[in-house]
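Since the structure comes first, as structure tokens, the remarks are kept for the end.
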Amino acid sequence: MTDDSRPGRPAPVRSAPVLVPMPAERPYTYQVPDGMDVAPGSIVRVPLGPREVAGIVWDSATDPVDPKKLKPISEVFDCPPIDQETRRFVDWIASYTLSAPGMVARMLLRAPAAFDPEPWTEGLRRTDAVPDRMTSARARVLETADDGLAWTRSGLAHAAGVSSTVVDGLRDQGVFETVMIPPRPVVAVPDTGYARSELSADQQAVADALRAAVDNGGPGVTLIDGVTGSGKTEVYFEAVAAALDRNRQALILLPEIALTHAFLERFQDRFGAKPAEWHSDLPPRMRERVWRQVAEGSVRVVAGARSALFLPFQELGLIVVDEEHDPAYKQEDRVPYNARDMAVVRGHIGGFPVVLASATPSIESRVNADQGRYARAVLSARFAEASLPDLRTIDLRRAPPARGGFLSPALLTEMRNTLARQEQSLLFLNRRGYAPLTLCRVCGHRFQCPDCSSWLVEHRFRGQLVCHHCGHHEKRPDACPECGTFDHLVACGPGVERVAEEVVGHFPDARTIVLSSDLLGGVKRLRLELEAIANGEADIVIGTQLVAKGHNFPNMTLVGIVDADLGLANGDPRAAERTFQLLSQVTGRAGRTGKKSLGLLQTYQPDHPVMRAIVSGDAEAFYQREIAERERAGLPPFGRLAGIIVSAATRAEAEGHAWALRRAAPAAADIQVLGPAEAPIALLAGRHRFRLLVHGERRSDMQGFIRALLAAGPKVRGSVRVSVDIDPQSF
Ligand code: ADP
Ligand code: ZN
């Protein structure tokens with residue numbers, strides 16, 4: 001803010017930099033009208049072209065503007081300012097991801113109605129006056145309101161079981177006075193002493209270390225590496241308690257928060273109150289209230305999806321990233337960032353500890369721990385009587401399924417045994433729909449997405465062919481569109497719907513549930529299904545990776561992996577890591593209680609290191625091998641990668657621009673540019689895509705290099721778009 005009031009000059013123009021939620025590289029300068037108070041962090045309404053938008057008063061300088069041309073700030077919202085740590089965090093992410101700071105700020109401003117204070121509601125409170133005559137209805141009202149608290153008119157009537165006019169009558173006689181009731185908190189305040197669990201010695205040691213980290217303050221990352229069911233959650237709850245005891249707010253990130261209803265209840269069992277939820281399925285009104293109450297500090301703990309990192313915390317003192325290896329933490333569009341990594345940065349800026357938890361840590365986090373950058377806490381045993389399932393492979397080369405089926409005799413036998421014991425089975429196949437490919441048996445025609453380079457997936461329940469990349473869908477025809485032959489279209493390969501069909505054929509009397517993210521009814525329906533499974537209302541569950549995460553099905557004693565090789569098939573160097581993590585997680589669904597349990601992996605490559613690691617339980621061998629492999633190839637975390645995706649309406653435009661960028665690459669000894677090559681999805685939603693891969697060393701200045709490359713390259717014109725993805729998920 002400038003305020004130069006030298007004497008003898010005309011009245012000075014006060015101005016302020018305001019970051020607006022647009023692809024703006026810098027804040028814009030606005031005039032601060034007389035009598036208006038703004039400070040860095042203030043949320044303001046400003047004119048922008050023909051519209052008005054909410055923006056944040058920023059710290060940094062702006063481009064010089066003629067003071068006479070400045071437009072005034074319209075309004076300062078009556079809202080706690082965005083704190084300095086959060087502002088630095090925004091600048092840091094913008095610079096790291098090569099995104100416009102305005103686009104990062106946009107993620108902070110996603111609950112516009114929250115900038116105005118929540119309204120107070122009108123309520124009624126008992127006075128000393130007595131009614132002129134008593135009826136039984138009136139007596140009930142007085143009895144109900146005897147607590148001396150303020151009630152809403154309808155709330156009181158409802159609680160007393162009378163009509164609102166009875167309440168009105170009493171008010172008119174002065175028996176109740178009108179008072180204003182402040183907004184209700186979205187959640188109660190957690191009580192750190194509510195129900196502390198007795199921890200095992202191992203758990204206690206980790207909990208003590210975490211509590212010390214929180215109490216001593218200062219940044220630092222702890223990786224809790226513990227098998228599923230070892231009590232990681234139990235232990236990091238103690239870190240949350242420590243943060244709350246020090247009057248700080250805490251954030252718990254979860255990859256599938258909308259589905260982990262059980263988590264909220266578990267938190268409530270420990271702290272006597274639920275955490276506030278934050279994710280994209282939250283109703284808008286609730287989003288606004290949570291946003292506001294986080295800013296005001298009445299919400300102390302948030303359990304949220306990755307976007308919860310951009311809530312306006314004022315006193316954040318701990319972030320927990322549960323299932324830290326989960327790919328859902330990576331945001332791919334607009335500002336591509338990995339929430340796990342950004343949580344670590346946020347902790348660093350805020351000077352507070354960060355806890356990462358996983359049964360199968362990412363290679364990145366494991367190496368960070370091995371090299372001493374993170375502390376590592378290991379929980380090696382399941383809590384109490386729960387034991388890990390017995391794991392075996394089924395070699396499909398030797399014992400294949402019957403013709404047209406996907407379940408081997410060995411798996412079917414175990415399913416039958418499990419049914420006989422009245423226990424539950426889970427069949428896992430990470431593929432939605434009925435079949436991944438449909439073709440014509442007469443002419444060989446394959447159904448392909450018109451806008452993407454991908455096959456259409458048949459969804460038989462819906463009677464449609466669907467593109468899993470862009471959502472394109474069409475009715476499944478009866479005749480081949482190429483040769484016109486009727487009734488000769490065949491489904492190739494399995495999806496969960498097809499496996500369900502096979503299961504019903506074998507076990508017509510079993511209660512079978514299919515769980516996948518495209519179920520009609522959305523998140524609500526999924527939650528109900530998950531509850532039903534946990535309550536034992538299903539015998540056989542067939543699911544995609546949705547079922548892998550965090551659910552506790554006490555009666556599930558058999559897990560069958562229909563196609564353990566599926567994730568290994570693509571050429572991605574991360575494929576082994578991902579498959580290992582996913583399969584470990586899914587098989588971990590079995591044996592959550594004392595019952596004996598079994599995990600069976602159907603595979604054509606039982607000798608693959610991933611299968612061996614899972615079956616032998618020797619995760620360490622897998623990690624050592626995978627880490628050595630990455631180091632040898634200079635792949636993350638030993639080297640650095642970034643993708644530059646060039647997309648355009650035509651293939652020629654995209655390819656031409658990508659090559660021009662390649663030629664513009666500055667010379668650097670430690671950084672190479674590979675490609676351009678067709679992107680992993682070469683055609684997406686009608687746009688052709690090419691990718692340059694930038695490969696550097698651990699300490700290379702990737703951002704500086706890419707900035708220079710983009711500046712030296714041709715101007716982006718026509719339909720061309722260029723986007724940068726630092727630390728891409730697949731490479
Ligand atoms: P993880 O997060 O490692 O999968 P959890 O914290 O979910 O493990 O614990 C697994 C199960 O064991 C849960 O049902 C939890 O309530 C129970 N549990 C773990 N530790 C304890 C403990 N110290 N006291 C009581 N129950 C525990
Ligand atoms: Zn498509």
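Numbering starts fresh at 1 for the residues of each chain in the structure tokens, the chains themselves are lettered A, B, ... in the order given, and ligands are numbered from 1 as they appear.
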
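Environment of ligand 1, defined as every protein or nucleic acid residue with an atom within 6 Å of it and counting only C-alpha atoms and all ligand atoms, comprises Ser197, Glu198, Leu199, Ser200, Gly226, Val227, Thr228, Gly229, Ser230, Gly231, Lys232, Thr233, Glu234 and Phe383 of chain A.
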
Do a neighbour search on Arg270 (chain A) at 8 Å with only C-alpha atoms, toss out local chain neighbours closer than 3 positions, and write the hits as a list in words.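 Counting only C-alpha atoms, the residues come to Thr192, Tyr194, Ala195, Arg196, Ser197, Arg266 and Phe267 of chain A.
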
Name each residue within 8 Å of ligand 2, counting only C-alpha atoms and all ligand atoms, as a list in words.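 Using only C-alpha atoms and all ligand atoms, I find these residues within 8 Å of ligand 2: Cys449, Pro450, Asp451, Cys452, Ser453, Ser454, Leu456, Val466, Cys467, His468, His469, Cys470, Gly471, His472, Leu684, Ala685 and Gly686 of chain A.
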
Would you write out, as CSV, a table of all residues in region 618-679 of chain A that have an atom no more than 8 Å from an atom of region 712-727 of chain A, listing for each the closest atom pair and the distance in Å to one decimal, considering only C-alpha atoms and ordering rows by chain and rising residue number?
residue,atom,partner,partner_atom,distance
A:Arg640,CA,A:Asp727,CA,7.0
A:Leu641,CA,A:Asp727,CA,5.5
A:Ala642,CA,A:Ile726,CA,4.4
A:Gly643,CA,A:Asp725,CA,5.0
A:Ile644,CA,A:Val724,CA,4.6
A:Ile645,CA,A:Ser723,CA,5.3
A:Val646,CA,A:Val722,CA,4.6
A:Ser647,CA,A:Arg721,CA,5.3
A:Ala648,CA,A:Val720,CA,4.5
A:Ala649,CA,A:Ser719,CA,5.8
A:Glu653,CA,A:Val720,CA,7.1
A:Ala654,CA,A:Val720,CA,6.6
A:His657,CA,A:Pro714,CA,7.4
A:Ala660,CA,A:Gly713,CA,6.4
A:Leu661,CA,A:Gly713,CA,4.9
A:Arg663,CA,A:Gly713,CA,7.8
A:Ala664,CA,A:Gly713,CA,5.1
A:Ala665,CA,A:Ala712,CA,7.5

Dump as a PDB file, in the first residue's frame, selection limited to C-alpha atoms:
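The resulting part_20.pdb:
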ATOM      1  CA  ARG A 640      13.212 -34.746 -11.824  1.00  0.00           C
ATOM      2  CA  LEU A 641      10.597 -34.828 -14.550  1.00  0.00           C
ATOM      3  CA  ALA A 642       8.148 -32.410 -16.058  1.00  0.00           C
ATOM      4  CA  GLY A 643       5.731 -32.847 -18.920  1.00  0.00           C
ATOM      5  CA  ILE A 644       4.895 -30.144 -21.409  1.00  0.00           C
ATOM      6  CA  ILE A 645       1.642 -31.004 -23.146  1.00  0.00           C
ATOM      7  CA  VAL A 646       0.842 -29.259 -26.396  1.00  0.00           C
ATOM      8  CA  SER A 647      -2.718 -29.732 -27.591  1.00  0.00           C
ATOM      9  CA  ALA A 648      -4.543 -28.382 -30.627  1.00  0.00           C
ATOM     10  CA  ALA A 649      -7.581 -28.967 -32.810  1.00  0.00           C
ATOM     11  CA  GLU A 653      -0.810 -27.903 -35.302  1.00  0.00           C
ATOM     12  CA  ALA A 654      -0.059 -29.743 -32.075  1.00  0.00           C
ATOM     13  CA  HIS A 657       4.138 -26.407 -32.045  1.00  0.00           C
ATOM     14  CA  ALA A 660       9.089 -25.676 -32.345  1.00  0.00           C
ATOM     15  CA  LEU A 661       9.246 -25.722 -28.552  1.00  0.00           C
ATOM     16  CA  ARG A 663      13.990 -26.524 -30.955  1.00  0.00           C
ATOM     17  CA  ALA A 664      13.722 -23.532 -28.617  1.00  0.00           C
ATOM     18  CA  ALA A 665      15.028 -25.480 -25.617  1.00  0.00           C
TER      19      ALA A 665
END

Of the listed residues A:Leu568, A:Ala157, A:Ala399, A:Val490, that which approaches Val442 (chain A) most closely, counting only C-alpha atoms: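 Ranked by minimum distance to Val442 (chain A), first place goes to A:Val490.
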
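Around region 515-528 of chain A, within 9 Å and counting only C-alpha atoms, the residues found are Ala258, Leu259, Thr260, His261, Asp281, Arg431, Arg432, Gly433, Val496, Glu531, Ala532, Ile533, Val541, Ile542, Gly543, Thr544, Gln545, Leu546 and Val547 of chain A, once anything fewer than 3 positions away on its own chain is removed.
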
Export of the given selection (N, CA and C atoms) as a short mmCIF file (atom, residue, chain, number, x, y, z; two decimals), in the first residue's frame:
data_model
loop_
_atom_site.label_atom_id
_atom_site.label_comp_id
_atom_site.auth_asym_id
_atom_site.auth_seq_id
_atom_site.Cartn_x
_atom_site.Cartn_y
_atom_site.Cartn_z
N ALA A 258 -15.43 -38.49 0.60
CA ALA A 258 -16.88 -38.58 0.45
C ALA A 258 -17.39 -39.96 0.82
N LEU A 259 -16.52 -40.95 0.70
CA LEU A 259 -16.96 -42.32 0.96
C LEU A 259 -16.55 -42.83 2.33
N THR A 260 -15.69 -42.09 2.99
CA THR A 260 -15.17 -42.62 4.25
C THR A 260 -15.98 -42.07 5.42
N HIS A 261 -17.28 -42.34 5.33
CA HIS A 261 -18.19 -41.95 6.39
C HIS A 261 -17.75 -42.54 7.72
N ASP A 281 -18.42 -32.95 -3.02
CA ASP A 281 -19.81 -33.38 -2.93
C ASP A 281 -20.58 -32.68 -1.81
N ARG A 431 -11.85 -52.23 -13.28
CA ARG A 431 -12.38 -51.82 -14.57
C ARG A 431 -13.90 -51.70 -14.50
N ARG A 432 -14.37 -50.50 -14.69
CA ARG A 432 -15.80 -50.25 -14.65
C ARG A 432 -16.45 -50.85 -15.88
N GLY A 433 -17.76 -51.03 -15.79
CA GLY A 433 -18.52 -51.45 -16.96
C GLY A 433 -18.51 -52.94 -17.18
N VAL A 496 -16.35 -55.07 -14.20
CA VAL A 496 -17.01 -55.60 -13.00
C VAL A 496 -18.41 -56.13 -13.28
N GLU A 531 -22.17 -49.36 3.73
CA GLU A 531 -22.71 -49.66 5.04
C GLU A 531 -23.35 -51.05 5.04
N ALA A 532 -24.11 -51.32 3.97
CA ALA A 532 -24.78 -52.61 3.87
C ALA A 532 -23.75 -53.74 3.90
N ILE A 533 -22.66 -53.55 3.19
CA ILE A 533 -21.63 -54.59 3.17
C ILE A 533 -21.04 -54.78 4.57
N VAL A 541 -19.02 -59.26 -3.01
CA VAL A 541 -18.90 -57.88 -3.48
C VAL A 541 -17.94 -57.88 -4.66
N ILE A 542 -18.34 -57.22 -5.75
CA ILE A 542 -17.46 -57.11 -6.89
C ILE A 542 -17.19 -55.63 -7.08
N GLY A 543 -15.95 -55.21 -7.01
CA GLY A 543 -15.71 -53.78 -7.00
C GLY A 543 -14.44 -53.34 -7.70
N THR A 544 -14.42 -52.05 -8.04
CA THR A 544 -13.24 -51.39 -8.58
C THR A 544 -12.43 -50.83 -7.41
N GLN A 545 -11.49 -49.96 -7.69
CA GLN A 545 -10.59 -49.50 -6.62
C GLN A 545 -11.32 -48.74 -5.51
N LEU A 546 -12.56 -48.39 -5.76
CA LEU A 546 -13.38 -47.79 -4.71
C LEU A 546 -13.39 -48.60 -3.43
N VAL A 547 -13.39 -49.92 -3.58
CA VAL A 547 -13.49 -50.77 -2.39
C VAL A 547 -12.14 -50.93 -1.69
#

Could you pull out the strand (DSSP E or B) residues of region 560-695 of chain A, going by DSSP on the backbone, and write them as a PyMOL selection string? chain A and resi 560-561+598-603+639-648+672-684+687-695

Give me a file of those residues, with N, CA and C atoms, as a short mmCIF file (atom, residue, chain, number, x, y, z; two decimals), in the first residue's frame.
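Listed below is the output, result.cif:
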data_model
loop_
_atom_site.label_atom_id
_atom_site.label_comp_id
_atom_site.auth_asym_id
_atom_site.auth_seq_id
_atom_site.Cartn_x
_atom_site.Cartn_y
_atom_site.Cartn_z
N GLY A 560 -10.42 -61.89 -3.84
CA GLY A 560 -9.90 -62.44 -5.08
C GLY A 560 -9.58 -61.32 -6.05
N ILE A 561 -8.36 -61.30 -6.53
CA ILE A 561 -7.97 -60.29 -7.52
C ILE A 561 -8.18 -60.93 -8.89
N LEU A 598 -8.05 -65.12 3.47
CA LEU A 598 -7.27 -65.55 2.31
C LEU A 598 -7.34 -64.51 1.20
N GLY A 599 -6.22 -64.26 0.55
CA GLY A 599 -6.20 -63.40 -0.63
C GLY A 599 -5.65 -64.20 -1.81
N LEU A 600 -6.37 -64.20 -2.93
CA LEU A 600 -5.93 -64.95 -4.11
C LEU A 600 -5.73 -64.01 -5.28
N LEU A 601 -4.58 -64.09 -5.92
CA LEU A 601 -4.28 -63.21 -7.03
C LEU A 601 -4.23 -64.02 -8.32
N GLN A 602 -5.16 -63.79 -9.22
CA GLN A 602 -5.12 -64.48 -10.52
C GLN A 602 -4.12 -63.74 -11.40
N THR A 603 -3.13 -64.48 -11.91
CA THR A 603 -2.09 -63.82 -12.70
C THR A 603 -1.49 -64.77 -13.73
N GLY A 639 15.85 -38.22 -9.87
CA GLY A 639 15.95 -37.18 -10.89
C GLY A 639 14.61 -36.48 -10.92
N ARG A 640 14.47 -35.49 -11.78
CA ARG A 640 13.21 -34.75 -11.82
C ARG A 640 12.62 -34.83 -13.22
N LEU A 641 11.29 -34.78 -13.27
CA LEU A 641 10.60 -34.83 -14.55
C LEU A 641 9.54 -33.74 -14.61
N ALA A 642 9.29 -33.29 -15.83
CA ALA A 642 8.15 -32.41 -16.06
C ALA A 642 7.62 -32.72 -17.44
N GLY A 643 6.33 -32.65 -17.60
CA GLY A 643 5.73 -32.85 -18.92
C GLY A 643 5.27 -31.50 -19.47
N ILE A 644 5.49 -31.31 -20.76
CA ILE A 644 4.89 -30.14 -21.41
C ILE A 644 3.94 -30.70 -22.45
N ILE A 645 2.65 -30.47 -22.24
CA ILE A 645 1.64 -31.00 -23.15
C ILE A 645 1.21 -29.89 -24.09
N VAL A 646 1.32 -30.20 -25.38
CA VAL A 646 0.84 -29.26 -26.40
C VAL A 646 -0.40 -29.90 -27.03
N SER A 647 -1.52 -29.18 -26.98
CA SER A 647 -2.72 -29.73 -27.59
C SER A 647 -3.27 -28.73 -28.61
N ALA A 648 -3.98 -29.25 -29.59
CA ALA A 648 -4.54 -28.38 -30.63
C ALA A 648 -5.67 -29.12 -31.33
N GLN A 672 17.67 -32.62 -20.02
CA GLN A 672 17.39 -32.99 -21.42
C GLN A 672 15.90 -32.87 -21.70
N VAL A 673 15.63 -32.57 -22.97
CA VAL A 673 14.24 -32.57 -23.41
C VAL A 673 14.04 -33.79 -24.30
N LEU A 674 13.06 -34.62 -23.96
CA LEU A 674 12.77 -35.81 -24.76
C LEU A 674 11.48 -35.58 -25.54
N GLY A 675 11.43 -36.11 -26.73
CA GLY A 675 10.21 -35.96 -27.54
C GLY A 675 10.35 -34.79 -28.51
N PRO A 676 9.26 -34.31 -29.04
CA PRO A 676 7.88 -34.66 -28.68
C PRO A 676 7.45 -36.04 -29.17
N ALA A 677 6.55 -36.62 -28.38
CA ALA A 677 5.91 -37.86 -28.78
C ALA A 677 4.42 -37.69 -28.52
N GLU A 678 3.62 -38.55 -29.10
CA GLU A 678 2.20 -38.48 -28.79
C GLU A 678 2.02 -38.67 -27.29
N ALA A 679 1.15 -37.88 -26.69
CA ALA A 679 0.90 -37.99 -25.26
C ALA A 679 0.26 -39.35 -24.97
N PRO A 680 0.37 -39.80 -23.70
CA PRO A 680 -0.23 -41.11 -23.36
C PRO A 680 -1.69 -41.24 -23.83
N ILE A 681 -2.45 -40.18 -23.75
CA ILE A 681 -3.76 -40.17 -24.41
C ILE A 681 -3.62 -39.18 -25.56
N ALA A 682 -3.43 -39.71 -26.77
CA ALA A 682 -3.03 -38.86 -27.89
C ALA A 682 -4.16 -37.97 -28.39
N LEU A 683 -5.39 -38.45 -28.23
CA LEU A 683 -6.54 -37.64 -28.63
C LEU A 683 -7.46 -37.62 -27.43
N LEU A 684 -7.76 -36.43 -26.93
CA LEU A 684 -8.60 -36.34 -25.74
C LEU A 684 -9.65 -35.27 -25.96
N ARG A 687 -9.16 -33.10 -28.90
CA ARG A 687 -7.92 -32.35 -29.08
C ARG A 687 -6.74 -33.31 -29.20
N HIS A 688 -5.89 -33.02 -30.18
CA HIS A 688 -4.69 -33.85 -30.39
C HIS A 688 -3.60 -33.38 -29.44
N ARG A 689 -2.88 -34.34 -28.87
CA ARG A 689 -1.94 -33.99 -27.81
C ARG A 689 -0.55 -34.58 -28.05
N PHE A 690 0.45 -33.73 -27.92
CA PHE A 690 1.84 -34.18 -27.97
C PHE A 690 2.51 -33.81 -26.66
N ARG A 691 3.53 -34.57 -26.31
CA ARG A 691 4.17 -34.29 -25.04
C ARG A 691 5.69 -34.23 -25.18
N LEU A 692 6.27 -33.21 -24.55
CA LEU A 692 7.71 -33.15 -24.36
C LEU A 692 7.96 -33.55 -22.91
N LEU A 693 8.97 -34.36 -22.71
CA LEU A 693 9.30 -34.75 -21.35
C LEU A 693 10.63 -34.09 -21.00
N VAL A 694 10.65 -33.35 -19.92
CA VAL A 694 11.88 -32.69 -19.49
C VAL A 694 12.44 -33.49 -18.32
N HIS A 695 13.68 -33.91 -18.47
CA HIS A 695 14.30 -34.79 -17.48
C HIS A 695 15.54 -34.11 -16.91
#

Distance query Phe310 (chain A) at most 9 Å, only C-alpha atoms, self and fewer than 5 positions along chain excluded, as a list in words: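 So the residues in contact are Thr86, Val90, Val104, Ala105, Met107, Leu108 and Leu109 of chain A.
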